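One file, data-v5.cif, carrying mmCIF, C-alpha atoms:
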data_run
#
loop_
_atom_site.label_atom_id
_atom_site.label_comp_id
_atom_site.auth_asym_id
_atom_site.auth_seq_id
_atom_site.Cartn_x
_atom_site.Cartn_y
_atom_site.Cartn_z
CA MET Y 858 95.32 132.27 70.37
CA ASN Y 859 95.48 129.60 73.05
CA PRO Y 860 97.40 130.38 76.24
CA SER Y 861 100.68 128.61 76.96
CA VAL Y 862 99.70 127.51 80.47
CA THR Y 863 96.56 125.83 81.73
CA VAL Y 864 96.23 125.80 85.51
CA ILE Y 865 93.91 123.19 87.03
CA ILE Y 866 92.82 123.97 90.59
CA LEU Y 867 91.40 121.00 92.47
CA SER Y 868 88.99 122.23 95.12
CA TYR Y 869 87.13 120.51 97.94
CA ASN Y 870 86.01 122.17 101.20
CA GLN Y 871 88.94 124.61 101.41
CA SER Y 872 86.88 127.82 101.34
CA GLU Y 873 89.17 129.60 103.79
CA TYR Y 874 92.12 129.27 101.41
CA LEU Y 875 90.45 128.91 97.99
CA LEU Y 876 90.48 132.54 96.88
CA ASP Y 877 94.19 132.82 97.69
CA ALA Y 878 94.82 129.97 95.26
CA VAL Y 879 92.78 131.57 92.49
CA GLU Y 880 94.30 135.02 93.02
CA SER Y 881 97.82 133.54 92.92
CA VAL Y 882 97.07 132.58 89.31
CA ILE Y 883 95.42 135.88 88.42
CA ASN Y 884 98.37 137.82 89.87
CA GLN Y 885 101.06 136.06 87.85
CA THR Y 886 103.59 138.35 86.20
CA THR Y 887 102.58 136.95 82.81
CA ASP Y 888 99.00 136.71 81.55
CA ASP Y 889 99.74 133.78 79.22
CA TRP Y 890 97.45 131.42 81.12
CA GLU Y 891 93.95 130.05 81.52
CA LEU Y 892 92.45 128.66 84.72
CA ILE Y 893 90.14 125.68 85.18
CA VAL Y 894 88.74 125.33 88.70
CA ILE Y 895 87.15 121.94 89.39
CA ASP Y 896 85.21 121.81 92.63
CA ASN Y 897 84.57 118.29 93.88
CA GLY Y 898 81.21 118.72 95.58
CA SER Y 899 82.20 121.15 98.33
CA THR Y 900 79.70 121.72 101.13
CA ASP Y 901 81.42 124.71 102.75
CA GLY Y 902 80.37 127.51 100.39
CA SER Y 903 83.35 127.13 98.04
CA GLN Y 904 81.17 127.08 94.92
CA GLU Y 905 79.42 130.27 95.99
CA LEU Y 906 82.79 131.96 96.53
CA LEU Y 907 83.99 130.89 93.09
CA SER Y 908 80.91 132.36 91.42
CA LYS Y 909 82.52 135.81 91.58
CA TYR Y 910 84.81 134.69 88.73
CA LYS Y 911 82.02 133.66 86.34
CA SER Y 912 82.51 136.77 84.22
CA ASN Y 913 86.29 136.27 83.88
CA LEU Y 914 86.87 134.90 80.37
CA LYS Y 915 90.19 133.37 81.41
CA ILE Y 916 88.57 131.23 84.12
CA ARG Y 917 86.31 128.19 83.71
CA LEU Y 918 84.40 126.86 86.69
CA ILE Y 919 83.32 123.23 86.90
CA PHE Y 920 81.11 122.26 89.82
CA HIS Y 921 80.47 118.61 90.64
CA ALA Y 922 77.46 117.82 92.79
CA GLU Y 923 79.20 114.97 94.64
CA ASN Y 924 82.71 114.17 95.81
CA ARG Y 925 84.20 111.81 93.25
CA ASN Y 926 87.65 110.40 92.48
CA ILE Y 927 90.12 113.26 92.13
CA THR Y 928 91.80 111.36 89.31
CA LEU Y 929 88.61 111.78 87.25
CA ASN Y 930 88.85 115.53 87.76
CA CYS Y 931 92.53 115.56 86.83
CA ASN Y 932 91.85 113.82 83.53
CA GLN Y 933 88.83 116.04 82.93
CA GLY Y 934 90.99 119.13 83.40
CA VAL Y 935 93.65 117.81 81.03
CA ASN Y 936 91.03 117.07 78.37
CA LEU Y 937 89.64 120.60 78.63
CA ALA Y 938 93.04 122.31 78.68
CA ASN Y 939 93.97 124.57 75.76
CA GLY Y 940 97.50 125.24 76.96
CA LYS Y 941 100.64 123.47 75.78
CA TYR Y 942 101.68 123.19 79.43
CA ILE Y 943 99.72 122.23 82.53
CA SER Y 944 100.21 123.06 86.19
CA PHE Y 945 98.08 121.62 88.99
CA LEU Y 946 97.24 123.52 92.16
CA PHE Y 947 95.37 122.44 95.29
CA ALA Y 948 92.84 124.89 96.70
CA ASP Y 949 94.69 125.28 100.01
CA ASP Y 950 98.04 126.17 98.38
CA TYR Y 951 99.22 129.00 96.15
CA PHE Y 952 101.76 129.97 93.49
CA LEU Y 953 104.45 132.60 93.80
CA PRO Y 954 103.93 135.51 91.33
CA ASP Y 955 106.66 134.75 88.79
CA LYS Y 956 106.14 130.98 88.55
CA PHE Y 957 104.88 130.87 84.97
CA LYS Y 958 107.29 133.52 83.69
CA LYS Y 959 110.33 131.63 84.98
CA GLU Y 960 109.09 128.24 83.83
CA LEU Y 961 108.12 129.39 80.34
CA GLU Y 962 111.49 131.07 79.90
CA CYS Y 963 113.15 127.86 81.03
CA PHE Y 964 111.15 125.70 78.61
CA SER Y 965 112.05 128.02 75.73
CA SER Y 966 115.72 127.21 76.26
CA LEU Y 967 115.33 123.42 76.52
CA PRO Y 968 115.32 120.78 73.76
CA ASP Y 969 111.99 119.20 72.77
CA ASP Y 970 112.64 115.98 74.72
CA TYR Y 971 112.13 117.87 78.00
CA GLY Y 972 108.56 117.61 79.18
CA PHE Y 973 108.74 118.58 82.82
CA ILE Y 974 110.09 121.50 84.88
CA HIS Y 975 110.03 121.34 88.67
CA SER Y 976 111.37 123.39 91.55
CA PRO Y 977 111.44 123.66 95.35
CA SER Y 978 108.51 125.01 97.33
CA TYR Y 979 107.86 126.55 100.70
CA GLY Y 980 105.78 125.03 103.46
CA TYR Y 981 103.63 127.42 105.48
CA ASN Y 982 102.51 126.21 108.89
CA VAL Y 983 99.13 127.73 109.72
CA VAL Y 984 99.69 127.23 113.47
CA THR Y 985 103.14 128.78 113.89
CA LYS Y 986 102.88 131.14 110.84
CA LYS Y 987 106.36 130.00 109.83
CA LYS Y 988 107.48 129.48 106.24
CA THR Y 989 110.20 126.91 105.57
CA LEU Y 990 111.88 125.63 102.41
CA LEU Y 991 110.73 122.06 101.75
CA PRO Y 992 113.20 119.41 100.57
CA CYS Y 993 113.08 118.70 96.85
CA ILE Y 994 115.14 116.28 94.79
CA PRO Y 995 117.40 118.40 92.52
CA ALA Y 996 117.29 116.03 89.55
CA SER Y 997 117.42 116.87 85.83
CA GLY Y 998 117.51 114.81 82.63
CA TYR Y 999 116.16 111.26 82.62
CA VAL Y 1000 115.36 111.13 86.32
CA LEU Y 1001 113.52 107.84 86.84
CA LYS Y 1002 116.47 106.25 88.63
CA ASP Y 1003 116.88 109.41 90.72
CA LEU Y 1004 113.23 109.29 91.78
CA LEU Y 1005 113.63 105.67 92.80
CA THR Y 1006 116.97 105.97 94.63
CA ARG Y 1007 117.26 109.53 96.02
CA TYR Y 1008 114.21 109.43 98.26
CA GLU Y 1009 116.06 110.88 101.23
CA GLU Y 1010 116.81 114.13 99.36
CA GLY Y 1011 113.15 115.00 99.02
CA TYR Y 1012 110.38 114.56 96.51
CA ILE Y 1013 108.84 116.45 93.63
CA ASN Y 1014 106.17 118.72 95.03
CA PRO Y 1015 102.95 118.12 93.04
CA ILE Y 1016 102.18 121.85 92.63
CA THR Y 1017 105.53 123.20 91.45
CA PRO Y 1018 105.87 121.44 88.07
CA LEU Y 1019 104.97 122.88 84.70
CA ILE Y 1020 104.38 119.86 82.47
CA LYS Y 1021 103.70 119.43 78.77
CA LYS Y 1022 100.10 118.45 78.17
CA GLU Y 1023 101.28 115.58 75.97
CA CYS Y 1024 102.79 113.91 79.05
CA PHE Y 1025 99.33 113.59 80.61
CA GLU Y 1026 97.86 112.46 77.31
CA LYS Y 1027 100.38 109.63 77.15
CA TYR Y 1028 100.17 108.75 80.85
CA LYS Y 1029 96.69 109.38 82.19
CA PHE Y 1030 95.73 109.39 85.86
CA TYR Y 1031 94.36 106.07 87.12
CA GLU Y 1032 90.67 106.82 87.47
CA GLU Y 1033 89.95 103.66 89.47
CA ILE Y 1034 91.70 105.12 92.54
CA PHE Y 1035 90.69 108.24 94.46
CA THR Y 1036 93.90 110.19 94.00
CA GLU Y 1037 97.42 109.70 92.68
CA GLY Y 1038 99.60 112.52 93.94
CA GLU Y 1039 103.12 112.53 92.55
CA SER Y 1040 103.16 108.84 91.56
CA ILE Y 1041 102.23 109.84 88.01
CA PHE Y 1042 105.61 111.58 87.78
CA PHE Y 1043 107.32 108.19 87.82
CA ARG Y 1044 105.46 107.22 84.65
CA ILE Y 1045 106.23 110.50 82.93
CA ALA Y 1046 109.90 110.05 83.86
CA MET Y 1047 110.01 106.80 81.90
CA LYS Y 1048 109.95 108.72 78.60
CA TYR Y 1049 110.48 112.45 79.21
CA LYS Y 1050 113.36 114.50 80.53
CA PHE Y 1051 112.93 116.67 83.61
CA PHE Y 1052 114.58 119.98 84.45
CA TYR Y 1053 115.16 121.28 87.97
CA MET Y 1054 114.91 125.03 88.65
CA LYS Y 1055 116.52 126.18 91.88
CA GLU Y 1056 114.06 128.98 92.66
CA PRO Y 1057 110.95 128.11 94.72
CA THR Y 1058 107.70 128.66 92.83
CA ALA Y 1059 104.87 127.70 95.20
CA VAL Y 1060 103.73 127.49 98.81
CA MET Y 1061 102.02 124.51 100.45
CA ARG Y 1062 100.02 125.11 103.59
CA GLU Y 1063 100.43 122.69 106.49
CA HIS Y 1064 97.24 122.25 108.48
CA GLY Y 1065 95.15 119.56 110.13
CA LYS Y 1066 93.20 118.67 106.98
CA ASN Y 1067 96.21 117.93 104.78
CA MET Y 1068 96.07 114.67 102.85
CA ARG Y 1069 99.28 113.62 104.64
CA PHE Y 1070 97.06 112.66 107.57
CA ALA Y 1071 95.12 110.22 105.36
CA LYS Y 1072 98.04 107.84 105.67
CA LYS Y 1073 96.09 104.63 105.17
CA LYS Y 1074 94.55 105.86 101.92
CA ASN Y 1075 97.94 107.19 100.85
CA ALA Y 1076 99.57 103.83 101.60
CA ILE Y 1077 96.97 101.95 99.55
CA THR Y 1078 97.41 104.40 96.68
CA PHE Y 1079 101.19 104.17 96.82
CA GLU Y 1080 101.21 100.38 96.82
CA TYR Y 1081 98.70 100.23 93.95
CA THR Y 1082 100.53 102.70 91.72
CA MET Y 1083 103.96 101.21 92.38
CA ASN Y 1084 102.68 97.73 91.55
CA LYS Y 1085 101.27 99.13 88.30
CA LEU Y 1086 104.58 100.86 87.60
CA ALA Y 1087 106.53 97.62 88.02
CA ILE Y 1088 104.55 95.90 85.25
CA HIS Y 1089 104.22 98.91 82.94
CA GLU Y 1090 105.50 98.23 79.43
CA ASP Y 1091 107.71 101.35 79.57
CA PHE Y 1092 109.30 100.52 82.92
CA PRO Y 1093 112.95 99.39 82.58
CA ILE Y 1094 113.22 95.95 84.14
CA GLN Y 1095 116.75 96.67 85.36
CA PHE Y 1096 115.25 99.22 87.79
CA ILE Y 1097 113.02 96.72 89.62
CA GLY Y 1098 115.47 96.40 92.51
CA TYR Y 1099 115.49 100.18 92.97
CA LEU Y 1100 111.68 100.15 92.99
CA ARG Y 1101 111.50 97.50 95.70
CA LYS Y 1102 113.94 99.42 97.90
CA LEU Y 1103 111.84 102.56 97.45
CA ASN Y 1104 108.72 100.61 98.40
CA ALA Y 1105 110.48 99.44 101.55
CA ARG Y 1106 111.48 102.96 102.57
CA ILE Y 1107 108.01 104.38 101.93
CA PHE Y 1108 106.23 101.59 103.84
CA SER Y 1109 108.63 102.21 106.71
CA SER Y 1110 107.92 105.94 106.50
CA PHE Y 1111 104.17 105.33 106.75
CA ALA Y 1112 104.77 103.17 109.81
CA TRP Y 1113 106.97 105.79 111.47
CA GLN Y 1114 104.41 108.50 110.69
CA ASP Y 1115 101.79 106.56 112.58
CA ILE Y 1116 104.12 105.94 115.51
CA ARG Y 1117 104.83 109.67 115.67
CA LEU Y 1118 101.47 111.19 114.76
CA GLY Y 1119 98.82 108.50 114.68
CA THR Y 1120 96.97 105.99 116.81
CA ASP Y 1121 96.84 102.66 114.94
CA ALA Y 1122 99.91 100.71 116.09
CA LYS Y 1123 98.65 97.47 114.53
CA TRP Y 1124 98.58 99.13 111.12
CA ALA Y 1125 102.06 100.54 111.71
CA ARG Y 1126 103.38 97.05 112.38
CA LEU Y 1127 101.78 95.85 109.13
CA MET Y 1128 103.64 98.59 107.27
CA TYR Y 1129 106.92 97.54 108.91
CA LYS Y 1130 106.30 93.94 107.83
CA LYS Y 1131 105.66 95.03 104.23
CA SER Y 1132 108.81 97.14 104.35
CA ILE Y 1133 110.94 94.19 105.44
CA ARG Y 1134 109.41 91.93 102.79
CA GLU Y 1135 110.49 94.41 100.12
CA ASP Y 1136 113.99 94.84 101.56
CA TRP Y 1137 115.11 92.66 104.48
CA ARG Y 1138 117.80 95.20 105.44
CA GLN Y 1139 115.06 97.46 106.80
CA ILE Y 1140 115.08 95.30 109.92
CA TYR Y 1141 118.40 96.84 110.93
CA ARG Y 1142 117.30 100.49 110.61
CA ALA Y 1143 117.03 102.41 113.88
CA LYS Y 1144 113.55 103.73 113.04
CA THR Y 1145 112.33 100.20 112.40
CA ILE Y 1146 113.67 98.95 115.72
CA ILE Y 1147 112.47 101.96 117.71
CA GLY Y 1148 109.14 102.21 115.91
CA TRP Y 1149 108.39 98.51 116.30
CA GLY Y 1150 109.12 98.75 120.02
CA MET Y 1151 107.00 101.88 120.49
CA SER Y 1152 104.12 100.27 118.60
CA TRP Y 1153 103.51 97.98 121.57
CA LEU Y 1154 103.05 100.91 123.94
CA PRO Y 1155 99.58 102.32 124.68
CA VAL Y 1156 98.70 105.48 122.75
CA LYS Y 1157 99.12 107.66 125.82
CA GLY Y 1158 102.61 106.29 126.32
CA ARG Y 1159 103.57 107.18 122.75
CA VAL Y 1160 102.03 110.64 123.19
CA ILE Y 1161 104.24 111.31 126.22
CA ILE Y 1162 107.39 110.08 124.47
CA ASN Y 1163 106.72 111.94 121.21
CA LYS Y 1164 105.80 115.24 122.85
CA THR Y 1165 108.85 114.99 125.09
CA ILE Y 1166 111.05 114.50 122.01
CA ASP Y 1167 109.32 117.39 120.22
CA GLY Y 1168 109.88 119.63 123.23
CA ILE Y 1169 113.58 118.73 123.47
CA LEU Y 1170 114.07 119.28 119.75
CA ASN Y 1171 111.89 122.42 119.76
CA ARG Y 1172 109.63 121.01 117.07
CA GLU Y 1173 106.78 123.40 117.69
CA ASN Y 1174 105.55 123.07 114.13
CA ILE Y 1175 104.25 119.52 114.54
CA ILE Y 1176 100.52 119.35 113.75
CA TYR Y 1177 98.89 116.29 115.31
CA MET Y 1178 95.67 114.59 114.33
CA ASP Y 1179 92.75 115.49 116.60
CA GLU Y 1180 92.48 111.88 117.82
CA TYR Y 1181 96.03 112.13 119.13
CA TYR Y 1182 94.92 114.31 122.00
CA LYS Y 1183 92.07 112.06 123.12
#
Please express the file's structure as structure tokens.
Amino acid sequence: MNPSVTVIILSYNQSEYLLDAVESVINQTTDDWELIVIDNGSTDGSQELLSKYKSNLKIRLIFHAENRNITLNCNQGVNLANGKYISFLFADDYFLPDKFKKELECFSSLPDDYGFIHSPSYGYNVVTKKKTLLPCIPASGYVLKDLLTRYEEGYINPITPLIKKECFEKYKFYEEIFTEGESIFFRIAMKYKFFYMKEPTAVMREHGKNMRFAKKKNAITFEYTMNKLAIHEDFPIQFIGYLRKLNARIFSSFAWQDIRLGTDAKWARLMYKKSIREDWRQIYRAKTIIGWGMSWLPVKGRVIINKTIDGILNRENIIYMDEYYK
């Protein structure tokens, strides 16, 4: 009999955290799962560490010789999955023990038009050792409009959802880009209902190698996937205004992130310009005005201002890019 849940762990050079991720699946309070670990050409000994699970019949290991588009690995995992439901996990994060039990019980009580269960998660800062509850949009039902308009309430964490395999068969990851993140959830939301569970089900580590620091790649990916969403045959045309406003807020967020944590002020100004083109009202936002002004300061000047603000606000959990200290 096939398991209900297929977990797909995406691994690349996270050897210090990798076994925690695998064990968080093995230690679930239900054994109704299978695990597919896809390593994307790690060079830090990750594949050697994973070899200890070769004899576990519930675990399949796939080792790629080179680092390739993560979207290829996502689709590969979906194609190999035997479970009715799929949950993705990154190798530096981990699940809480009763994740599958709670989600499977929840699915059993929902009508067939629900394809997606999501929940809050914790963030664990590896520097301060503090765990905090991360913001998550508490949306259920047909949530596409919510995803487009309730950005300030949070986002759907990519590792908390349990999702019907058929959702990924209908809406595949875009293999021409390196990674997608949660943008695929917008496509799934065009046809399937979502359900929000209040209990946290996973923990995301915050450290200096997080993809959040790859802001330029993330911005390119976001713009590409949102442009594709706008012309998708399933996208409701009446939502195009909501999509443009979301684009504006996200471009502005990328700009502000660079002003606060990065070093490329010219790129930040480009993001502000794109934001204003999508929604001219962005020009009146305080962060736009302040960020645009700070972008003309030398990096050292921004460092002094930002660290002064962090000290006043006691934001000891900020993790800066290494270049920020140079």
* Output the residue selection produced by the PyMOL selection byres ((chain Y and resi 1035-1042) around 9) on the file above, formatted as a ChimeraX atom specification. => /Y:925-929,1001,1004,1012-1015,1025,1028-1034,1043-1047,1074-1075,1078-1079,1082-1083
How would the residues just picked look written out with C-alpha atoms as a compact mmCIF listing (two decimals), in the coordinates of the input?
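New file again.txt:
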# COMPACT_ATOMS: atom_id res chain seq x y z
CA ARG Y 925 84.20 111.81 93.25
CA ASN Y 926 87.65 110.40 92.48
CA ILE Y 927 90.12 113.26 92.13
CA THR Y 928 91.80 111.36 89.31
CA LEU Y 929 88.61 111.78 87.25
CA LEU Y 1001 113.52 107.84 86.84
CA LEU Y 1004 113.23 109.29 91.78
CA TYR Y 1012 110.38 114.56 96.51
CA ILE Y 1013 108.84 116.45 93.63
CA ASN Y 1014 106.17 118.72 95.03
CA PRO Y 1015 102.95 118.12 93.04
CA PHE Y 1025 99.33 113.59 80.61
CA TYR Y 1028 100.17 108.75 80.85
CA LYS Y 1029 96.69 109.38 82.19
CA PHE Y 1030 95.73 109.39 85.86
CA TYR Y 1031 94.36 106.07 87.12
CA GLU Y 1032 90.67 106.82 87.47
CA GLU Y 1033 89.95 103.66 89.47
CA ILE Y 1034 91.70 105.12 92.54
CA PHE Y 1043 107.32 108.19 87.82
CA ARG Y 1044 105.46 107.22 84.65
CA ILE Y 1045 106.23 110.50 82.93
CA ALA Y 1046 109.90 110.05 83.86
CA MET Y 1047 110.01 106.80 81.90
CA LYS Y 1074 94.55 105.86 101.92
CA ASN Y 1075 97.94 107.19 100.85
CA THR Y 1078 97.41 104.40 96.68
CA PHE Y 1079 101.19 104.17 96.82
CA THR Y 1082 100.53 102.70 91.72
CA MET Y 1083 103.96 101.21 92.38
* Carefully work through the PyMOL selection byres ((chain Y and resi 1139-1153) around 10) for this structure and note down the residues it includes, as a ChimeraX atom specification. => /Y:1102,1105-1106,1109-1110,1112-1117,1120-1126,1129-1130,1132-1138,1154-1156,1158-1159,1162
* Enumerate, as a PyMOL selection string, the residues matched when the PyMOL selection byres ((chain Y and resi 983-994) around 7) is run on the file above. => chain Y and resi 977-982+995-996+1010-1013+1062-1064+1174
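Proximity of Y:Ile1094, Y:Leu1103, Y:Leu1019, Y:Ala878 to Val1060 of chain Y, computed with only C-alpha atoms, is greatest for Y:Ala878.
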Using all atoms listed in the file, list the residues that have an atom at most 10 Å from (102.5, 117.4, 79.4), coordinates as in the file, as a PDB file with C-alpha atoms, in the frame of the given file.
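Printed below is point-v6.pdb as written:
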ATOM      1  CA  VAL Y 935      93.650 117.810  81.030  1.00  0.00           C
ATOM      2  CA  GLY Y 940      97.500 125.240  76.960  1.00  0.00           C
ATOM      3  CA  LYS Y 941     100.640 123.470  75.780  1.00  0.00           C
ATOM      4  CA  TYR Y 942     101.680 123.190  79.430  1.00  0.00           C
ATOM      5  CA  ILE Y 943      99.720 122.230  82.530  1.00  0.00           C
ATOM      6  CA  SER Y 944     100.210 123.060  86.190  1.00  0.00           C
ATOM      7  CA  TYR Y 971     112.130 117.870  78.000  1.00  0.00           C
ATOM      8  CA  GLY Y 972     108.560 117.610  79.180  1.00  0.00           C
ATOM      9  CA  PHE Y 973     108.740 118.580  82.820  1.00  0.00           C
ATOM     10  CA  LEU Y1019     104.970 122.880  84.700  1.00  0.00           C
ATOM     11  CA  ILE Y1020     104.380 119.860  82.470  1.00  0.00           C
ATOM     12  CA  LYS Y1021     103.700 119.430  78.770  1.00  0.00           C
ATOM     13  CA  LYS Y1022     100.100 118.450  78.170  1.00  0.00           C
ATOM     14  CA  GLU Y1023     101.280 115.580  75.970  1.00  0.00           C
ATOM     15  CA  CYS Y1024     102.790 113.910  79.050  1.00  0.00           C
ATOM     16  CA  PHE Y1025      99.330 113.590  80.610  1.00  0.00           C
ATOM     17  CA  GLU Y1026      97.860 112.460  77.310  1.00  0.00           C
ATOM     18  CA  LYS Y1027     100.380 109.630  77.150  1.00  0.00           C
ATOM     19  CA  TYR Y1028     100.170 108.750  80.850  1.00  0.00           C
ATOM     20  CA  ILE Y1045     106.230 110.500  82.930  1.00  0.00           C
ATOM     21  CA  TYR Y1049     110.480 112.450  79.210  1.00  0.00           C
TER      22      TYR Y1049
END
Residues of segment 944-965 of chain Y at most 9 Å from segment 1053-1056 of chain Y: nearest atom pair and distance in Å, all atoms listed in the file, as a Markdown table:
| residue | atom | partner | partner_atom | distance |
| --- | --- | --- | --- | --- |
| Y:Lys959 | CA | Y:Met1054 | CA | 8.8 |
| Y:Glu960 | CA | Y:Met1054 | CA | 8.2 |
| Y:Cys963 | CA | Y:Met1054 | CA | 8.3 |
C-alpha atoms of the current selection, written as a PDB file, in the frame of the given file:
ATOM      1  CA  LYS Y 959     110.330 131.630  84.980  1.00  0.00           C
ATOM      2  CA  GLU Y 960     109.090 128.240  83.830  1.00  0.00           C
ATOM      3  CA  CYS Y 963     113.150 127.860  81.030  1.00  0.00           C
TER       4      CYS Y 963
END
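Put simply, atom CA of Leu907 of chain Y is 26.5 Å away from atom CA of Ala1071 of chain Y.
The interatomic distance for the pair atom CA of Tyr869 of chain Y and atom CA of Ser908 of chain Y works out to 14.9 Å.
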* Could you check how far atom CA of Asn870 of chain Y sits from atom CA of Asn913 of chain Y, in Å to one decimal? => 22.3 Å
* To do: Within 8 Å of Ser881 of chain Y, counting all atoms listed in the file, which residues show up once you throw out same-chain ones fewer than 5 positions away? Write them as an MDAnalysis selection string, please.
  => chainID Y and resid 951:954
Put the listed atoms of segment 942-948 of chain Y in a box along x, y and z with 4 Å added on every side and give me the centre and edge lengths in Å to one decimal, as lines of an AutoDock Vina configuration file.
center_x = 97.3
center_y = 123.3
center_z = 88.1
size_x = 16.8
size_y = 11.3
size_z = 25.3
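Nearest to Cys931 of chain Y of all the residues Y:Val894, Y:Tyr910, Y:Tyr1008, Y:Ser899 is Y:Val894, based on all atoms listed in the file.
For the choices Y:Ala938, Y:Leu906, Y:Ile895, Y:Ile1077, the atom-to-atom distance to Phe920 of chain Y is smallest for Y:Ile895 when using only C-alpha atoms.
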* Quick one: everything within 10 Å of Ala1087 of chain Y, counting only C-alpha atoms, minus sequence neighbours fewer than 6 positions away in the same chain. Send it as a VMD selection string. => chain Y and resid 1093 to 1094 1096 to 1097 1100 to 1101
Will you model N, CA and C atoms for segment 937-956 of chain Y and pass it back as a JSON list (two decimals), in the coordinates of the input?
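That gives us result-v4.json:
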[["chain", "number", "residue", "atom", "x", "y", "z"],
["Y", 937, "LEU", "N", 90.17, 119.28, 78.92],
["Y", 937, "LEU", "CA", 89.64, 120.60, 78.63],
["Y", 937, "LEU", "C", 90.73, 121.65, 78.38],
["Y", 938, "ALA", "N", 91.95, 121.33, 78.73],
["Y", 938, "ALA", "CA", 93.04, 122.31, 78.68],
["Y", 938, "ALA", "C", 93.37, 122.73, 77.24],
["Y", 939, "ASN", "N", 93.54, 124.02, 77.05],
["Y", 939, "ASN", "CA", 93.97, 124.57, 75.76],
["Y", 939, "ASN", "C", 95.46, 124.85, 75.73],
["Y", 940, "GLY", "N", 96.09, 124.88, 76.89],
["Y", 940, "GLY", "CA", 97.50, 125.24, 76.96],
["Y", 940, "GLY", "C", 98.41, 124.10, 76.53],
["Y", 941, "LYS", "N", 99.61, 124.47, 76.10],
["Y", 941, "LYS", "CA", 100.64, 123.47, 75.78],
["Y", 941, "LYS", "C", 101.18, 122.85, 77.05],
["Y", 942, "TYR", "N", 101.14, 123.63, 78.15],
["Y", 942, "TYR", "CA", 101.68, 123.19, 79.43],
["Y", 942, "TYR", "C", 100.58, 123.21, 80.48],
["Y", 943, "ILE", "N", 100.72, 122.33, 81.47],
["Y", 943, "ILE", "CA", 99.72, 122.23, 82.53],
["Y", 943, "ILE", "C", 100.40, 122.31, 83.88],
["Y", 944, "SER", "N", 99.74, 123.01, 84.81],
["Y", 944, "SER", "CA", 100.21, 123.06, 86.19],
["Y", 944, "SER", "C", 99.01, 122.83, 87.10],
["Y", 945, "PHE", "N", 99.15, 121.90, 88.04],
["Y", 945, "PHE", "CA", 98.08, 121.62, 88.99],
["Y", 945, "PHE", "C", 98.30, 122.42, 90.27],
["Y", 946, "LEU", "N", 97.18, 122.80, 90.90],
["Y", 946, "LEU", "CA", 97.24, 123.52, 92.16],
["Y", 946, "LEU", "C", 96.10, 123.04, 93.05],
["Y", 947, "PHE", "N", 96.40, 122.80, 94.32],
["Y", 947, "PHE", "CA", 95.37, 122.44, 95.29],
["Y", 947, "PHE", "C", 94.80, 123.72, 95.89],
["Y", 948, "ALA", "N", 93.54, 123.67, 96.29],
["Y", 948, "ALA", "CA", 92.84, 124.89, 96.70],
["Y", 948, "ALA", "C", 93.36, 125.49, 98.00],
["Y", 949, "ASP", "N", 94.15, 124.74, 98.77],
["Y", 949, "ASP", "CA", 94.69, 125.28, 100.01],
["Y", 949, "ASP", "C", 96.14, 125.75, 99.86],
["Y", 950, "ASP", "N", 96.67, 125.74, 98.64],
["Y", 950, "ASP", "CA", 98.04, 126.17, 98.38],
["Y", 950, "ASP", "C", 98.02, 127.36, 97.42],
["Y", 951, "TYR", "N", 99.19, 127.89, 97.10],
["Y", 951, "TYR", "CA", 99.22, 129.00, 96.15],
["Y", 951, "TYR", "C", 100.58, 129.11, 95.46],
["Y", 952, "PHE", "N", 100.56, 129.76, 94.28],
["Y", 952, "PHE", "CA", 101.76, 129.97, 93.49],
["Y", 952, "PHE", "C", 102.42, 131.28, 93.87],
["Y", 953, "LEU", "N", 103.74, 131.34, 93.70],
["Y", 953, "LEU", "CA", 104.45, 132.60, 93.80],
["Y", 953, "LEU", "C", 104.29, 133.36, 92.47],
["Y", 954, "PRO", "N", 104.37, 134.70, 92.49],
["Y", 954, "PRO", "CA", 103.93, 135.51, 91.33],
["Y", 954, "PRO", "C", 104.65, 135.26, 90.01],
["Y", 955, "ASP", "N", 105.91, 134.87, 90.05],
["Y", 955, "ASP", "CA", 106.66, 134.75, 88.79],
["Y", 955, "ASP", "C", 106.84, 133.29, 88.36],
["Y", 956, "LYS", "N", 106.01, 132.39, 88.88],
["Y", 956, "LYS", "CA", 106.14, 130.98, 88.55],
["Y", 956, "LYS", "C", 106.10, 130.73, 87.05]]
